[in-house]
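Just protein00.cif here, mmCIF, C-alpha atoms:
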data_start
#
loop_
_atom_site.label_atom_id
_atom_site.label_comp_id
_atom_site.auth_asym_id
_atom_site.auth_seq_id
_atom_site.Cartn_x
_atom_site.Cartn_y
_atom_site.Cartn_z
CA MET A 1 -184.66 102.66 -236.64
CA THR A 2 -184.78 102.38 -240.37
CA THR A 3 -185.16 99.25 -242.30
CA ILE A 4 -181.68 99.72 -243.65
CA SER A 5 -180.29 99.97 -240.14
CA LEU A 6 -182.03 96.79 -239.06
CA VAL A 7 -180.77 94.95 -242.08
CA HIS A 8 -177.32 96.20 -241.30
CA ILE A 9 -177.53 95.09 -237.66
CA LEU A 10 -178.80 91.66 -238.67
CA LYS A 11 -176.05 91.37 -241.20
CA ASN A 12 -173.47 92.22 -238.55
CA ILE A 13 -174.95 89.72 -236.12
CA LYS A 14 -174.84 87.08 -238.83
CA GLU A 15 -171.18 87.85 -239.45
CA VAL A 16 -170.43 87.65 -235.72
CA GLU A 17 -172.24 84.31 -235.52
CA SER A 18 -170.23 82.94 -238.44
CA LEU A 19 -166.98 84.14 -236.94
CA LEU A 20 -167.79 82.65 -233.57
CA ILE A 21 -168.83 79.31 -235.01
CA SER A 22 -165.65 79.29 -237.01
CA ASP A 23 -163.57 80.03 -233.88
CA LEU A 24 -165.24 77.22 -231.95
CA ASP A 25 -164.75 74.84 -234.84
CA LYS A 26 -161.09 75.73 -235.04
CA THR A 27 -160.70 75.25 -231.30
CA ASN A 28 -162.42 71.88 -231.45
CA VAL A 29 -160.28 70.78 -234.34
CA GLU A 30 -157.19 71.86 -232.45
CA VAL A 31 -158.38 70.11 -229.28
CA ASN A 32 -159.11 66.89 -231.18
CA LYS A 33 -155.72 67.11 -232.81
CA LYS A 34 -153.96 67.62 -229.47
CA ILE A 35 -155.84 64.70 -227.90
CA GLU A 36 -155.11 62.47 -230.88
CA GLN A 37 -151.43 63.46 -230.64
CA ALA A 38 -151.48 62.70 -226.92
CA ARG A 39 -153.04 59.28 -227.58
CA GLU A 40 -150.44 58.64 -230.25
CA LYS A 41 -147.72 59.63 -227.79
CA ALA A 42 -149.30 57.36 -225.15
CA ARG A 43 -149.29 54.44 -227.62
CA LYS A 44 -145.67 55.20 -228.38
CA ILE A 45 -144.80 55.23 -224.68
CA ILE A 46 -146.37 51.76 -224.31
CA ASP A 47 -144.75 50.50 -227.54
CA ASP A 48 -141.38 51.81 -226.37
CA VAL A 49 -141.74 50.11 -223.01
CA ILE A 50 -142.73 46.83 -224.71
CA GLN A 51 -139.64 47.15 -226.88
CA LYS A 52 -137.54 47.94 -223.80
CA ILE A 53 -138.98 44.88 -222.00
CA GLU A 54 -138.15 42.67 -225.01
CA THR A 55 -134.59 44.01 -225.10
CA GLU A 56 -134.15 43.48 -221.38
CA ARG A 57 -135.70 40.00 -221.66
CA LYS A 58 -132.99 39.07 -224.15
CA GLU A 59 -130.35 40.54 -221.86
CA ILE A 60 -131.73 38.70 -218.79
CA GLN A 61 -131.93 35.46 -220.81
CA LYS A 62 -128.37 35.89 -222.03
CA ASN A 63 -127.05 36.60 -218.51
CA SER A 64 -129.05 33.70 -217.09
CA GLU A 65 -127.65 31.32 -219.71
CA ILE A 66 -124.11 32.49 -218.96
CA GLU A 67 -124.74 32.09 -215.23
CA ILE A 68 -126.13 28.55 -215.75
CA LYS A 69 -123.25 27.61 -218.02
CA ASN A 70 -120.68 28.85 -215.49
CA LYS A 71 -122.46 27.09 -212.64
CA LEU A 72 -122.60 23.82 -214.60
CA ILE A 73 -118.88 24.09 -215.36
CA GLU A 74 -118.25 24.74 -211.66
CA ILE A 75 -120.35 21.68 -210.71
CA ASP A 76 -118.51 19.56 -213.28
CA ILE A 77 -115.10 20.65 -211.98
CA THR A 78 -116.13 20.03 -208.37
CA THR A 79 -117.61 16.62 -209.26
CA GLN A 80 -114.47 15.61 -211.12
CA LYS A 81 -112.35 16.74 -208.19
CA ILE A 82 -114.45 14.66 -205.78
CA LEU A 83 -114.28 11.65 -208.12
CA ASN A 84 -110.51 11.96 -208.33
CA GLU A 85 -110.26 12.17 -204.55
CA LEU A 86 -112.48 9.09 -204.22
CA GLU A 87 -110.31 7.17 -206.67
CA GLU A 88 -107.18 8.18 -204.78
CA LYS A 89 -108.59 7.24 -201.39
CA ALA A 90 -109.99 3.95 -202.71
CA LYS A 91 -106.62 3.14 -204.23
CA SER A 92 -104.70 3.76 -201.02
CA ASN A 93 -107.28 2.01 -198.78
CA LYS A 94 -108.02 -0.89 -201.10
CA ASP A 95 -105.84 -3.43 -199.26
CA ALA A 96 -107.33 -2.47 -195.89
CA ALA A 97 -110.85 -3.01 -197.27
CA ILE A 98 -109.95 -6.37 -198.84
CA ASN A 99 -108.32 -7.56 -195.63
CA PHE A 100 -111.34 -6.47 -193.62
CA ILE A 101 -113.70 -8.53 -195.82
CA LEU A 102 -111.37 -11.55 -195.73
CA LYS A 103 -111.17 -11.40 -191.94
CA TYR A 104 -114.95 -11.06 -191.80
CA ILE A 105 -115.43 -14.13 -194.00
CA PHE A 106 -112.95 -16.16 -191.97
CA GLY A 107 -114.65 -15.15 -188.77
CA GLU A 108 -111.79 -13.14 -187.37
CA ILE A 109 -113.90 -10.01 -186.97
CA ASN A 110 -117.53 -9.02 -186.75
CA ALA A 111 -118.78 -5.94 -188.59
CA MET B 7 -177.28 108.87 -235.95
CA LEU B 8 -179.48 105.90 -235.29
CA LYS B 9 -177.35 103.79 -237.54
CA ASP B 10 -174.27 104.76 -235.59
CA MET B 11 -175.97 103.86 -232.32
CA ALA B 12 -177.08 100.55 -233.71
CA GLU B 13 -173.62 99.79 -234.98
CA SER B 14 -172.15 100.72 -231.64
CA ARG B 15 -174.55 98.36 -229.82
CA VAL B 16 -173.87 95.61 -232.28
CA LYS B 17 -170.16 96.12 -231.74
CA LYS B 18 -170.61 95.96 -228.01
CA ILE B 19 -172.59 92.72 -228.32
CA HIS B 20 -170.01 91.44 -230.73
CA ASP B 21 -167.16 92.29 -228.39
CA TYR B 22 -168.92 90.78 -225.45
CA ILE B 23 -169.69 87.57 -227.29
CA ARG B 24 -166.19 87.50 -228.72
CA GLU B 25 -164.72 87.80 -225.24
CA GLU B 26 -167.02 85.10 -223.92
CA ILE B 27 -166.17 82.87 -226.83
CA ASN B 28 -162.47 83.52 -226.30
CA LYS B 29 -162.88 82.62 -222.66
CA GLN B 30 -164.77 79.51 -223.68
CA CYS B 31 -162.13 78.58 -226.24
CA SER B 32 -159.39 79.14 -223.67
CA LYS B 33 -161.24 76.93 -221.23
CA ILE B 34 -161.70 74.26 -223.88
CA MET B 35 -158.00 74.47 -224.64
CA LEU B 36 -157.07 74.30 -220.96
CA ASP B 37 -159.34 71.28 -220.49
CA ALA B 38 -157.75 69.73 -223.54
CA GLU B 39 -154.29 70.38 -222.11
CA GLU B 40 -155.39 68.73 -218.88
CA LYS B 41 -156.78 65.81 -220.84
CA VAL B 42 -153.51 65.55 -222.79
CA GLN B 43 -151.51 65.55 -219.54
CA GLU B 44 -153.89 62.97 -218.13
CA ILE B 45 -153.47 60.70 -221.18
CA ILE B 46 -149.68 61.00 -221.06
CA SER B 47 -149.54 60.59 -217.31
CA GLU B 48 -151.77 57.51 -217.46
CA ALA B 49 -149.63 56.06 -220.25
CA LEU B 50 -146.47 56.68 -218.22
CA THR B 51 -148.01 55.07 -215.13
CA ASN B 52 -149.22 52.08 -217.16
CA ALA B 53 -145.87 51.79 -218.88
CA LYS B 54 -144.04 51.82 -215.54
CA SER B 55 -146.32 49.16 -214.02
CA LEU B 56 -146.15 47.07 -217.19
CA TYR B 57 -142.36 47.34 -217.18
CA LEU B 58 -142.02 46.39 -213.51
CA GLU B 59 -144.55 43.56 -213.78
CA LYS B 60 -143.04 42.08 -216.95
CA ILE B 61 -139.41 42.42 -215.85
CA ASN B 62 -140.32 40.77 -212.56
CA GLU B 63 -142.08 37.94 -214.43
CA ILE B 64 -139.11 37.50 -216.78
CA LYS B 65 -136.61 37.47 -213.89
CA ASN B 66 -138.72 34.90 -212.03
CA GLU B 67 -139.06 32.78 -215.17
CA PHE B 68 -135.29 32.73 -215.77
CA ASP B 69 -134.56 32.26 -212.07
CA LYS B 70 -136.77 29.18 -212.14
CA ILE B 71 -135.01 27.85 -215.24
CA LYS B 72 -131.63 28.57 -213.66
CA ASN B 73 -132.53 26.96 -210.33
CA ARG B 74 -134.01 23.93 -212.09
CA SER B 75 -130.93 23.50 -214.28
CA ILE B 76 -128.57 23.85 -211.32
CA ALA B 77 -130.63 21.49 -209.13
CA GLU B 78 -130.70 18.94 -211.95
CA ALA B 79 -126.93 19.24 -212.50
CA GLU B 80 -126.26 18.93 -208.76
CA PHE B 81 -128.54 15.89 -208.54
CA ASN B 82 -126.79 14.27 -211.53
CA ALA B 83 -123.40 15.04 -210.00
CA LYS B 84 -124.43 13.45 -206.69
CA GLN B 85 -125.73 10.40 -208.56
CA LYS B 86 -122.48 10.16 -210.51
CA ILE B 87 -120.43 10.34 -207.29
CA LEU B 88 -122.69 7.80 -205.57
CA LYS B 89 -122.48 5.43 -208.55
CA ARG B 90 -118.69 5.73 -208.65
CA LYS B 91 -118.49 5.08 -204.90
CA ASN B 92 -120.67 1.98 -205.26
CA ASP B 93 -118.65 0.78 -208.24
CA LEU B 94 -115.44 1.17 -206.23
CA ILE B 95 -116.97 -0.61 -203.22
CA TYR B 96 -118.30 -3.49 -205.32
CA SER B 97 -115.01 -3.81 -207.19
CA ILE B 98 -113.42 -4.55 -203.79
CA PHE B 99 -115.70 -7.57 -203.45
CA ASP B 100 -114.53 -8.78 -206.88
CA ASP B 101 -110.94 -8.34 -205.72
CA VAL B 102 -111.76 -10.28 -202.54
CA LEU B 103 -113.11 -13.16 -204.61
CA ASN B 104 -109.84 -13.31 -206.57
CA LYS B 105 -107.86 -13.04 -203.36
CA LEU B 106 -109.87 -15.91 -201.81
CA LYS B 107 -108.41 -18.31 -204.38
CA GLN B 108 -105.08 -17.89 -202.62
CA TYR B 109 -106.64 -19.05 -199.33
CA MET B 110 -107.75 -22.44 -200.67
CA ALA B 111 -104.63 -24.23 -199.42
CA THR B 112 -104.22 -22.45 -196.11
CA ASP B 113 -105.14 -23.02 -192.48
CA ALA B 114 -107.50 -20.09 -192.74
CA TYR B 115 -109.59 -22.08 -195.22
CA VAL B 116 -109.70 -25.08 -192.89
CA LYS B 117 -110.83 -22.76 -190.10
CA PHE B 118 -113.48 -21.37 -192.42
CA LEU B 119 -114.74 -24.91 -193.14
CA GLU B 120 -114.83 -25.69 -189.44
CA LYS B 121 -116.69 -22.50 -188.60
CA SER B 122 -119.19 -22.97 -191.42
CA LEU B 123 -119.80 -26.65 -190.74
CA THR B 124 -120.30 -25.80 -187.06
CA GLU B 125 -123.02 -23.32 -188.06
CA VAL B 126 -124.69 -26.04 -190.13
CA ALA B 127 -124.42 -28.54 -187.25
CA LEU B 128 -125.90 -26.10 -184.76
CA ASN B 129 -128.84 -25.53 -187.10
CA VAL B 130 -129.44 -29.16 -187.96
CA LYS B 131 -128.45 -30.75 -184.57
CA SER B 132 -128.56 -34.36 -185.83
CA GLY B 133 -128.74 -36.50 -188.93
CA GLU B 134 -126.80 -36.87 -192.14
CA VAL B 135 -125.65 -33.80 -193.98
CA GLU B 136 -124.33 -34.07 -197.50
CA VAL B 137 -121.38 -31.75 -198.15
CA VAL B 138 -120.87 -30.73 -201.78
CA LEU B 139 -117.40 -29.31 -202.28
CA CYS B 140 -116.42 -27.00 -205.08
CA ASP B 141 -114.45 -28.07 -208.12
CA SER B 142 -111.50 -25.84 -207.22
CA ASP B 143 -111.06 -27.47 -203.80
CA THR B 144 -108.14 -29.89 -203.97
CA ILE B 145 -107.23 -30.19 -200.32
CA THR B 146 -110.48 -30.93 -198.51
CA SER B 147 -110.84 -34.66 -198.16
CA GLY B 148 -113.42 -37.01 -196.70
CA ASN B 149 -111.06 -37.73 -193.81
CA MET B 150 -110.70 -34.04 -193.00
CA ILE B 151 -114.49 -33.59 -192.96
CA LYS B 152 -114.89 -36.65 -190.74
CA SER B 153 -112.32 -35.26 -188.37
CA LEU B 154 -114.18 -31.94 -188.23
CA GLU B 155 -117.43 -33.85 -187.69
CA GLU B 156 -116.03 -35.58 -184.59
CA GLU B 157 -114.65 -32.37 -183.24
CA ILE B 158 -117.92 -30.48 -183.74
CA ASN B 159 -120.13 -33.25 -182.30
CA HIS B 160 -117.88 -33.47 -179.30
CA LYS B 161 -117.63 -29.72 -178.78
CA PHE B 162 -121.28 -28.82 -179.35
CA ASN B 163 -123.00 -32.02 -178.31
CA THR B 164 -124.55 -32.64 -181.72
CA SER B 165 -124.90 -35.90 -183.62
CA ILE B 166 -124.21 -34.90 -187.16
CA SER B 167 -122.83 -37.11 -189.84
CA PHE B 168 -121.16 -35.27 -192.72
CA ARG B 169 -120.96 -37.14 -196.01
CA VAL B 170 -118.80 -35.71 -198.81
CA SER B 171 -120.74 -35.83 -202.07
CA GLN B 172 -119.26 -37.10 -205.31
CA GLU B 173 -120.87 -34.14 -206.96
CA LYS B 174 -118.82 -30.95 -207.36
CA ILE B 175 -120.06 -27.40 -207.63
CA LYS B 176 -118.56 -24.68 -209.76
CA ALA B 177 -117.33 -22.04 -207.32
CA THR B 178 -114.14 -20.29 -206.19
CA GLY B 179 -114.29 -21.94 -202.78
CA GLY B 180 -116.57 -23.12 -200.00
CA PHE B 181 -119.28 -25.75 -200.10
CA ILE B 182 -123.00 -26.43 -200.05
CA ALA B 183 -124.46 -28.52 -197.22
CA ARG B 184 -127.68 -30.42 -197.95
CA TYR B 185 -129.96 -31.86 -195.34
CA ALA B 186 -133.17 -33.91 -195.35
CA ASP B 187 -132.74 -35.25 -198.88
CA GLY B 188 -131.75 -31.85 -200.18
CA LYS B 189 -134.92 -30.14 -198.94
CA ILE B 190 -132.80 -27.83 -196.79
CA SER B 191 -129.50 -26.50 -198.03
CA TYR B 192 -126.87 -24.13 -196.72
CA ASP B 193 -124.80 -22.34 -199.34
CA TYR B 194 -121.29 -21.55 -198.09
CA THR B 195 -119.66 -20.93 -201.47
CA PHE B 196 -117.51 -17.80 -201.54
CA GLU B 197 -119.66 -16.29 -204.28
CA THR B 198 -122.83 -16.64 -202.22
CA ILE B 199 -121.15 -15.45 -199.03
CA LEU B 200 -119.85 -12.35 -200.81
CA ASP B 201 -123.27 -11.72 -202.32
CA LYS B 202 -124.85 -11.96 -198.89
CA ILE B 203 -122.39 -9.67 -197.13
CA LYS B 204 -122.16 -7.05 -199.89
CA GLU B 205 -125.05 -4.91 -198.67
CA PRO B 206 -124.54 -5.25 -194.90
CA LEU B 207 -120.82 -4.51 -195.23
CA ARG B 208 -121.24 -1.68 -197.73
CA PRO B 209 -121.25 1.13 -195.11
CA VAL B 210 -118.19 -0.27 -193.33
CA ILE B 211 -116.27 -0.76 -196.58
CA SER B 212 -117.31 2.72 -197.68
CA LYS B 213 -115.88 4.10 -194.44
CA ILE B 214 -112.61 2.17 -194.82
CA LEU B 215 -112.23 3.21 -198.46
CA PHE B 216 -113.23 6.87 -198.37
CA GLU B 217 -112.56 8.23 -194.91
#
Structure translated into structure tokens:
Amino acid sequence: MTTISLVHILKNIKEVESLLISDLDKTNVEVNKKIEQAREKARKIIDDVIQKIETERKEIQKNSEIEIKNKLIEIDITTQKILNELEEKAKSNKDAAINFILKYIFGEINA
Amino acid sequence: MLKDMAESRVKKIHDYIREEINKQCSKIMLDAEEKVQEIISEALTNAKSLYLEKINEIKNEFDKIKNRSIAEAEFNAKQKILKRKNDLIYSIFDDVLNKLKQYMATDAYVKFLEKSLTEVALNVKSGEVEVVLCDSDTITSGNMIKSLEEEINHKFNTSISFRVSQEKIKATGGFIARYADGKISYDYTFETILDKIKEPLRPVISKILFE
């Protein structure tokens, strides 16, 4: 083998080495990019879910407040109805109650 | 010739290494794809758990607030009803007091005096008892009390002497009996009687009024 041939072979090998290193570098860059994109996507997934939770929280709060408000109105209406019934009953039974106490005081009955 | 051979060998080496490198790069890319899938899959799993956990927490939090608010409102409503019931019951006792004024000049009042003085006599048994009438009493006289005294002593075998005091008490009706120089006294004024029977009679009156 001549010196020229050897030089040529070495030169070729050097070129191959450069090409290969370049290919690996490119692959690594691409891999890093893909992984970074995946991480970015993962962060976005979490951010989106946090946003979704916040939106649903507002919705749940709103529904809960409406439910409480309706229930309180219902309790108020029921209470008022009971109070009215009590007033009515007390009004119609007032004389019976007064007479009972009077009879009790005058010893006509024992409670 | 030699150069050609050398070039051919170099080419073969080159091709071999190129193929190996390509394989390696493909493997790196496949691993990377796997890693990417893993990252995304993990994020999706975490997001799902986070969502479920947080939504559950939020629902529980608002359920607690709702239950507390409703329980508080129901408690307040019950208190309001109870207060109104008590007010209505106690207002009956006020009405009774007004009504009692009408009984001052009736036989029922005389019977009340007799019954009350008998209770005093049975407690005291003997001795002088000072009877302080109320300022609104216009019919009860010393003679009437003396007559009741005789009747009670005879009926219950007591030896009580009732003395009507010159003093008058401010009350709707009834009297106060004092014994042993005022050390023991029995309050039979309508106000005191009503005060005393308010609580024991409350359930009965409640039943009469509201059932």
Legend entry - Chain and number of each residue from the PyMOL selection byres ((chain B and resi 126) around 10), as a PyMOL selection string: chain B and resi 120-125+127-131+135+166+183-185+191-194
Residues from last step as file, C-alpha atoms, as a compact mmCIF listing (two decimals), in the frame of the given file:
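New file selection_3.txt:
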# COMPACT_ATOMS: atom_id res chain seq x y z
CA GLU B 120 -114.83 -25.69 -189.44
CA LYS B 121 -116.69 -22.50 -188.60
CA SER B 122 -119.19 -22.97 -191.42
CA LEU B 123 -119.80 -26.65 -190.74
CA THR B 124 -120.30 -25.80 -187.06
CA GLU B 125 -123.02 -23.32 -188.06
CA ALA B 127 -124.42 -28.54 -187.25
CA LEU B 128 -125.90 -26.10 -184.76
CA ASN B 129 -128.84 -25.53 -187.10
CA VAL B 130 -129.44 -29.16 -187.96
CA LYS B 131 -128.45 -30.75 -184.57
CA VAL B 135 -125.65 -33.80 -193.98
CA ILE B 166 -124.21 -34.90 -187.16
CA ALA B 183 -124.46 -28.52 -197.22
CA ARG B 184 -127.68 -30.42 -197.95
CA TYR B 185 -129.96 -31.86 -195.34
CA SER B 191 -129.50 -26.50 -198.03
CA TYR B 192 -126.87 -24.13 -196.72
CA ASP B 193 -124.80 -22.34 -199.34
CA TYR B 194 -121.29 -21.55 -198.09
Legend entry - All residues 9 Å or closer to B:Thr178, only C-alpha atoms, same chain fewer than 4 positions away omitted, as a list in words: Leu103, Asn104, Leu106, Lys107, Met110, Cys140, Asp141, Ser142, Asp143, Thr195, Phe196 and Glu197 of chain B
Legend entry - Neighbour residues at most 12 Å from (-110.3, -31.8, -198.3) (all atoms listed in the file) as an NGL selection string: :B and (110-113 or 115-116 or 119-120 or 137-154 or 170-171 or 179-181)
Legend entry - Output of the PyMOL selection byres ((chain B) within 7 of (chain A)), listed as a VMD selection string: chain B and resid 8 to 9 12 to 13 16 20 27 31 35 38 42 45 to 46 49 to 50 53 57 61 64 68 72 76 79 to 80 83 87 98 102 114 118 211 214 to 216
Could the residues in this selection be saved with C-alpha atoms as a compact mmCIF listing (two decimals), in the coordinates of the input?
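Produced file selection27.txt, reproduced below:
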# COMPACT_ATOMS: atom_id res chain seq x y z
CA LEU B 8 -179.48 105.90 -235.29
CA LYS B 9 -177.35 103.79 -237.54
CA ALA B 12 -177.08 100.55 -233.71
CA GLU B 13 -173.62 99.79 -234.98
CA VAL B 16 -173.87 95.61 -232.28
CA HIS B 20 -170.01 91.44 -230.73
CA ILE B 27 -166.17 82.87 -226.83
CA CYS B 31 -162.13 78.58 -226.24
CA MET B 35 -158.00 74.47 -224.64
CA ALA B 38 -157.75 69.73 -223.54
CA VAL B 42 -153.51 65.55 -222.79
CA ILE B 45 -153.47 60.70 -221.18
CA ILE B 46 -149.68 61.00 -221.06
CA ALA B 49 -149.63 56.06 -220.25
CA LEU B 50 -146.47 56.68 -218.22
CA ALA B 53 -145.87 51.79 -218.88
CA TYR B 57 -142.36 47.34 -217.18
CA ILE B 61 -139.41 42.42 -215.85
CA ILE B 64 -139.11 37.50 -216.78
CA PHE B 68 -135.29 32.73 -215.77
CA LYS B 72 -131.63 28.57 -213.66
CA ILE B 76 -128.57 23.85 -211.32
CA ALA B 79 -126.93 19.24 -212.50
CA GLU B 80 -126.26 18.93 -208.76
CA ALA B 83 -123.40 15.04 -210.00
CA ILE B 87 -120.43 10.34 -207.29
CA ILE B 98 -113.42 -4.55 -203.79
CA VAL B 102 -111.76 -10.28 -202.54
CA ALA B 114 -107.50 -20.09 -192.74
CA PHE B 118 -113.48 -21.37 -192.42
CA ILE B 211 -116.27 -0.76 -196.58
CA ILE B 214 -112.61 2.17 -194.82
CA LEU B 215 -112.23 3.21 -198.46
CA PHE B 216 -113.23 6.87 -198.37
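Atom CA of A:Val29 is found 13.6 Å from atom CA of B:Glu39.
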I need stretch 19-32 of chain B written out with N, CA and C atoms, as a short mmCIF file (atom, residue, chain, number, x, y, z; two decimals), in the first residue's frame; please produce it.
data_model
loop_
_atom_site.label_atom_id
_atom_site.label_comp_id
_atom_site.auth_asym_id
_atom_site.auth_seq_id
_atom_site.Cartn_x
_atom_site.Cartn_y
_atom_site.Cartn_z
N ILE B 19 -16.31 -0.70 5.55
CA ILE B 19 -16.28 -0.31 6.98
C ILE B 19 -17.28 0.83 7.21
N HIS B 20 -17.18 1.76 6.26
CA HIS B 20 -18.07 2.93 6.36
C HIS B 20 -19.55 2.51 6.38
N ASP B 21 -19.87 1.61 5.44
CA ASP B 21 -21.27 1.16 5.34
C ASP B 21 -21.69 0.42 6.60
N TYR B 22 -20.76 -0.39 7.07
CA TYR B 22 -21.08 -1.17 8.28
C TYR B 22 -21.35 -0.23 9.48
N ILE B 23 -20.37 0.71 9.62
CA ILE B 23 -20.52 1.63 10.75
C ILE B 23 -21.78 2.49 10.58
N ARG B 24 -22.01 2.90 9.34
CA ARG B 24 -23.20 3.71 9.06
C ARG B 24 -24.47 2.94 9.46
N GLU B 25 -24.51 1.69 9.09
CA GLU B 25 -25.68 0.86 9.40
C GLU B 25 -25.86 0.73 10.92
N GLU B 26 -24.67 0.49 11.56
CA GLU B 26 -24.73 0.34 13.02
C GLU B 26 -25.21 1.64 13.69
N ILE B 27 -24.63 2.74 13.14
CA ILE B 27 -25.02 4.04 13.70
C ILE B 27 -26.50 4.30 13.47
N ASN B 28 -26.95 3.95 12.25
CA ASN B 28 -28.39 4.14 11.96
C ASN B 28 -29.24 3.33 12.92
N LYS B 29 -28.78 2.07 13.14
CA LYS B 29 -29.52 1.23 14.09
C LYS B 29 -29.56 1.89 15.46
N GLN B 30 -28.36 2.40 15.84
CA GLN B 30 -28.22 3.03 17.15
C GLN B 30 -29.15 4.25 17.26
N CYS B 31 -29.09 5.04 16.16
CA CYS B 31 -29.93 6.26 16.16
C CYS B 31 -31.40 5.88 16.24
N SER B 32 -31.78 4.83 15.48
CA SER B 32 -33.18 4.40 15.51
C SER B 32 -33.55 3.96 16.91
#
